[in-house]
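Everything on this sheet refers to the single structure shown next.
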Amino acid sequence: MMKYFWTYLQERFPLQANGVLIVSYFTANYFLALGAVLQERQPLELSWRYFAGCLALLFMFFHMRVIDEHKDYEQDRIVHPGRVLSRGLITLPQLRNVGIIAVVFELLLSILLGFPAFVMCLVVLAFSWLIYKEFFIGRFLERHLLANAFIHLLIMPAYCLYVFSVATESFFWLAPLLILLYAWVSYGVGLGYEVARKTRAPADERPGLITYSAVMGPYLSVGISLLALLFSGMVSVIVGAAMNFGWWYHVVVAALLVVVIFGALNFRIKTTSASAANLQLYAGMFIFAFDILLAVELIRSYGVIWR
């Protein structure tokens with residue numbers, strides 16, 4: 001089973017790629033939380049809490065992967081028969097048990113990190129359970145793919161507030177306005193990436209495969225992805241100005257926005273498999289670059305010390 005589980009991870013949750021993205025995401029939000037609550041500019045403190053919280057967030061993302069597998073299993077068996085899960089090399093009950101283990105670890109780590117982190121962990125778990133239950137409006141969400149994404153991706157701001165509780169040992173409802181604002185950056189980039197990765201050229205659409213481009217047309221689909229990423233860029237500029245970040249931060253944000261605009265225009269002019277693949281590439285790069293940019297600017301502005 002371990003051999004097939006490792007194959008499953010490589011296929012559906014590659015630790016190298018996901019690990020880098022989750023670490024960069026956690027780092028950016030962790031340092032921002034510390035910087036936002038400081039009364040004066042002083043070095044940000046890095047401690048064991050950073051590593052424990054980062055590991056807990058990795059388990060959270062994985063248990064959401066397990067939930068998605070359960071929700072999409074019947075469709076994936078038809079559309080993606082070659083996957084490990086579809087072939088029965090790993091079964092849903094086995095995957096569920098691994099997901100439960102992940103939940104236990106994130107709860108234990110959150111208890112170790114303090115009551116505020118534990119409370120926010122429970123909020124994340126409650127929201128992920130609602131996602132699993134399709135918010136009890138599954139038929140409506142099946143018919144309205146974009147509304148489905150809007151609702152499900154609310155888990156992203158919840159992750160940000162979890163990181164805030166880990167970093168500051170404060171309850172999520174005490175998060176300053178700056179944190180609440182930046183939480184929507186992750187929502188926007190998540191929405192932009194989600195729509196981009198399910199946007200295809202008309203020639204690549206397949207029967208039974210549900211994509212945003214098949215439901216609403218390729219150009220409206222890419223337009224929504226672009227608007228979501230532009231929204232994230234605008235909010236990040238506001239946050240950067242509030243934190244008195246240097247000019248180079250805003251220049252890099254602008255450059256990232258130019259890249260995704262180029263990708264959208266290129267897809268509009270040449271609607272091909274390659275230009276559709278580039279949409280996903282640019283949106284994924286946008287997520288990673290945003291997190292790295294924020295973390296680097298916070299370290300440059302405040303400095304970091306080990307406590």
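Each chain in the structure tokens gets a letter, A, B and so on, in the order shown; residues start at 1 in every chain, and ligands are counted from 1 in the order they appear.
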
Margin query: Taking 2 positions as the minimum chain separation for residues in the same chain, which residues sit within 12 Å of Ser232 (chain A) when counting only C-alpha atoms? Answer as a ChimeraX atom specification.
Written below: /A:181-193,225-230,234-239,253-254,256-257,260,283,286-287,290-291

Those same residues - C-alpha atoms - I'd like them written as a PDB file, in the first residue's frame.
```
ATOM      1  CA  LEU A 181      -7.293  42.575   3.744  1.00  0.00           C
ATOM      2  CA  TYR A 182      -4.337  40.447   2.698  1.00  0.00           C
ATOM      3  CA  ALA A 183      -6.332  37.284   3.358  1.00  0.00           C
ATOM      4  CA  TRP A 184      -8.276  38.139   0.203  1.00  0.00           C
ATOM      5  CA  VAL A 185      -5.093  38.177  -1.871  1.00  0.00           C
ATOM      6  CA  SER A 186      -4.840  34.421  -1.395  1.00  0.00           C
ATOM      7  CA  TYR A 187      -8.524  34.138  -2.303  1.00  0.00           C
ATOM      8  CA  GLY A 188      -7.997  36.064  -5.532  1.00  0.00           C
ATOM      9  CA  VAL A 189      -4.876  34.204  -6.625  1.00  0.00           C
ATOM     10  CA  GLY A 190      -6.532  30.904  -5.704  1.00  0.00           C
ATOM     11  CA  LEU A 191      -9.564  31.754  -7.831  1.00  0.00           C
ATOM     12  CA  GLY A 192      -7.381  32.939 -10.694  1.00  0.00           C
ATOM     13  CA  TYR A 193      -5.359  29.720 -10.659  1.00  0.00           C
ATOM     14  CA  SER A 225      -9.122  34.403 -14.099  1.00  0.00           C
ATOM     15  CA  LEU A 226      -7.409  37.637 -15.119  1.00  0.00           C
ATOM     16  CA  LEU A 227      -9.790  39.795 -13.071  1.00  0.00           C
ATOM     17  CA  ALA A 228      -9.166  37.643  -9.990  1.00  0.00           C
ATOM     18  CA  LEU A 229      -5.397  38.019 -10.363  1.00  0.00           C
ATOM     19  CA  LEU A 230      -5.684  41.766 -10.995  1.00  0.00           C
ATOM     20  CA  MET A 234      -4.381  45.707  -6.377  1.00  0.00           C
ATOM     21  CA  VAL A 235      -4.927  44.511  -2.805  1.00  0.00           C
ATOM     22  CA  SER A 236      -1.252  43.602  -2.430  1.00  0.00           C
ATOM     23  CA  VAL A 237      -0.283  47.125  -3.527  1.00  0.00           C
ATOM     24  CA  ILE A 238      -2.585  48.573  -0.854  1.00  0.00           C
ATOM     25  CA  VAL A 239      -1.016  46.302   1.762  1.00  0.00           C
ATOM     26  CA  VAL A 253       3.852  43.444  -8.490  1.00  0.00           C
ATOM     27  CA  ALA A 254       3.269  45.484 -11.644  1.00  0.00           C
ATOM     28  CA  LEU A 256       3.714  40.107 -12.438  1.00  0.00           C
ATOM     29  CA  LEU A 257       0.437  41.670 -13.523  1.00  0.00           C
ATOM     30  CA  VAL A 260      -0.646  37.458 -16.598  1.00  0.00           C
ATOM     31  CA  ALA A 283      -1.187  31.880 -12.665  1.00  0.00           C
ATOM     32  CA  PHE A 286       1.845  34.479  -9.798  1.00  0.00           C
ATOM     33  CA  ILE A 287       0.959  32.647  -6.562  1.00  0.00           C
ATOM     34  CA  PHE A 290       3.613  36.908  -4.623  1.00  0.00           C
ATOM     35  CA  ASP A 291       4.426  34.928  -1.506  1.00  0.00           C
TER      36      ASP A 291
END
```

Margin query: Give me, as number ranges by chain, the residues of region 50-226 of chain A that a backbone DSSP run labels helix (DSSP H, G or I).
Written below: A: 50-79, 92-112, 115-132, 134-136, 138-143, 145-152, 155-168, 172-174, 177-197, 202-204, 212-216, 218-226

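Between Trp173 (chain A) and the candidates A:Ile78, A:Ala214, A:Ile131, A:Met120, the tightest atom-to-atom separation, counting only C-alpha atoms, involves A:Met120.
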
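Between CA of Glu45 (chain A) and CA of Phe172 (chain A) lies a distance of 19.5 Å.
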
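Non-sequential neighbours of region 136-145 of chain A (distance at most 8 Å, separation of 4 or more positions within a chain, only C-alpha atoms) are Leu130, Ala149, Tyr212 and Val215 of chain A.
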
Store the residues picked out above in a file with C-alpha atoms, as a short mmCIF file (atom, residue, chain, number, x, y, z; two decimals), in the first residue's frame.
```cif
data_model
loop_
_atom_site.label_atom_id
_atom_site.label_comp_id
_atom_site.auth_asym_id
_atom_site.auth_seq_id
_atom_site.Cartn_x
_atom_site.Cartn_y
_atom_site.Cartn_z
CA LEU A 130 -19.02 21.90 4.82
CA ALA A 149 -15.38 28.02 -6.81
CA TYR A 212 -14.85 26.61 -16.92
CA VAL A 215 -19.36 25.97 -19.29
#
```

Notebook entry, point to check: Which neighbours of Leu15 (chain A) fall inside 10 Å, counting only C-alpha atoms, when residues of the same chain fewer than 5 positions from it are skipped, and could you give them as an MDAnalysis selection string?
Noted result: chainID A and resid 6 9:10 20:22 58 62

Check: Neighbours of Val119 (chain A) within 9 Å (only C-alpha atoms; same-chain residues fewer than 3 positions away dropped), as number ranges by chain?
Finding: A: 110-111, 114-116, 122-124, 162, 165, 171-172

Notebook entry, point to check: What lies within 10 Å of Ala175 (chain A) using only C-alpha atoms, ignoring chain neighbours under 3 positions off, as an NGL selection string?
Noted result: :A and (33 or 36-37 or 161 or 164-165 or 168 or 170-172 or 178-180)

Save out the residues we just selected, N, CA and C atoms, as an mmCIF file, in the first residue's frame.
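For reference, selection-v5.cif as written:
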```cif
data_model
loop_
_atom_site.group_PDB
_atom_site.id
_atom_site.type_symbol
_atom_site.label_atom_id
_atom_site.label_comp_id
_atom_site.auth_asym_id
_atom_site.auth_seq_id
_atom_site.Cartn_x
_atom_site.Cartn_y
_atom_site.Cartn_z
ATOM 1 N N ALA A 33 1.903 38.670 9.572
ATOM 2 C CA ALA A 33 1.181 38.713 10.840
ATOM 3 C C ALA A 33 2.039 39.336 11.934
ATOM 4 N N ALA A 36 2.486 43.104 11.202
ATOM 5 C CA ALA A 36 1.265 43.902 11.335
ATOM 6 C C ALA A 36 0.930 44.239 12.785
ATOM 7 N N VAL A 37 1.388 43.407 13.737
ATOM 8 C CA VAL A 37 1.039 43.639 15.140
ATOM 9 C C VAL A 37 2.138 44.386 15.901
ATOM 10 N N LEU A 161 -5.886 33.221 8.366
ATOM 11 C CA LEU A 161 -6.179 33.523 9.762
ATOM 12 C C LEU A 161 -5.598 32.465 10.689
ATOM 13 N N PHE A 164 -2.096 33.502 11.111
ATOM 14 C CA PHE A 164 -2.071 34.646 12.030
ATOM 15 C C PHE A 164 -2.101 34.169 13.480
ATOM 16 N N SER A 165 -2.979 33.229 13.796
ATOM 17 C CA SER A 165 -3.078 32.717 15.161
ATOM 18 C C SER A 165 -1.804 31.997 15.584
ATOM 19 N N THR A 168 1.042 34.905 16.065
ATOM 20 C CA THR A 168 0.858 35.920 17.113
ATOM 21 C C THR A 168 0.300 35.375 18.413
ATOM 22 N N SER A 170 -2.730 34.839 18.951
ATOM 23 C CA SER A 170 -3.941 35.629 19.161
ATOM 24 C C SER A 170 -5.112 34.960 18.448
ATOM 25 N N PHE A 171 -6.308 35.169 18.961
ATOM 26 C CA PHE A 171 -7.496 34.621 18.310
ATOM 27 C C PHE A 171 -7.734 35.321 16.968
ATOM 28 N N PHE A 172 -8.310 34.590 16.034
ATOM 29 C CA PHE A 172 -8.450 35.107 14.672
ATOM 30 C C PHE A 172 -9.314 36.361 14.611
ATOM 31 N N LEU A 178 -5.264 44.973 8.289
ATOM 32 C CA LEU A 178 -4.273 44.652 7.263
ATOM 33 C C LEU A 178 -4.240 43.154 6.961
ATOM 34 N N ILE A 179 -4.338 42.335 8.004
ATOM 35 C CA ILE A 179 -4.344 40.875 7.827
ATOM 36 C C ILE A 179 -5.621 40.433 7.127
ATOM 37 N N LEU A 180 -6.746 40.992 7.543
ATOM 38 C CA LEU A 180 -8.022 40.639 6.920
ATOM 39 C C LEU A 180 -8.030 41.017 5.443
#
```

Next item on the list: For CA of Ala264 (chain A) and CA of Cys160 (chain A), quote the distance in Å rounded to one decimal.
Entry: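 Computing it gives 27.9 Å between the two atoms.
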
Notebook entry, point to check: Do you know which residues are at most 9 Å from Tyr73 (chain A) counting only C-alpha atoms, after dropping those on the same chain fewer than 3 positions away, and could you put them as a ChimeraX atom specification?
Noted result: /A:68-70,76-78,85-86,92

Writing out the chosen residues with C-alpha atoms as a tab-separated table (two decimals), in the first residue's frame:
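Result went into out00.tsv, see below:
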```tsv
chain	number	residue	atom	x	y	z
A	68	ASP	CA	-11.73	16.61	-3.18
A	69	GLU	CA	-10.92	13.03	-4.16
A	70	HIS	CA	-14.06	11.82	-2.40
A	76	ASP	CA	-12.69	11.03	-12.16
A	77	ARG	CA	-13.16	7.29	-12.65
A	78	ILE	CA	-14.68	8.05	-16.04
A	85	LEU	CA	-7.30	5.96	-7.28
A	86	SER	CA	-9.41	5.23	-10.36
A	92	LEU	CA	-11.22	5.60	-1.04
```

Notebook entry, point to check: Which of these, A:Leu95, A:Ile67, A:Leu109, A:Ala277, has the shortest distance to Gly53 (chain A) once you count only C-alpha atoms?
Noted result: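 Smallest distance to Gly53 (chain A) is found for A:Leu109.
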
Item checked: Two-atom distance - CA of Ile101 (chain A), CA of Ala167 (chain A) (Å) ->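 If I compute the distance from CA of Ile101 (chain A) to CA of Ala167 (chain A), I get 24.2 Å.
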
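Distances here use only C-alpha atoms; by that measure, the residue among A:Gly233, A:Ala52, A:Arg200, A:Leu281 closest to Val251 (chain A) is A:Gly233.
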
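The smallest atom-to-atom distance between Phe245 (chain A) and any of A:Ile100, A:Ala147, A:Ile299, A:Leu89, using only C-alpha atoms, is found for A:Ile299.
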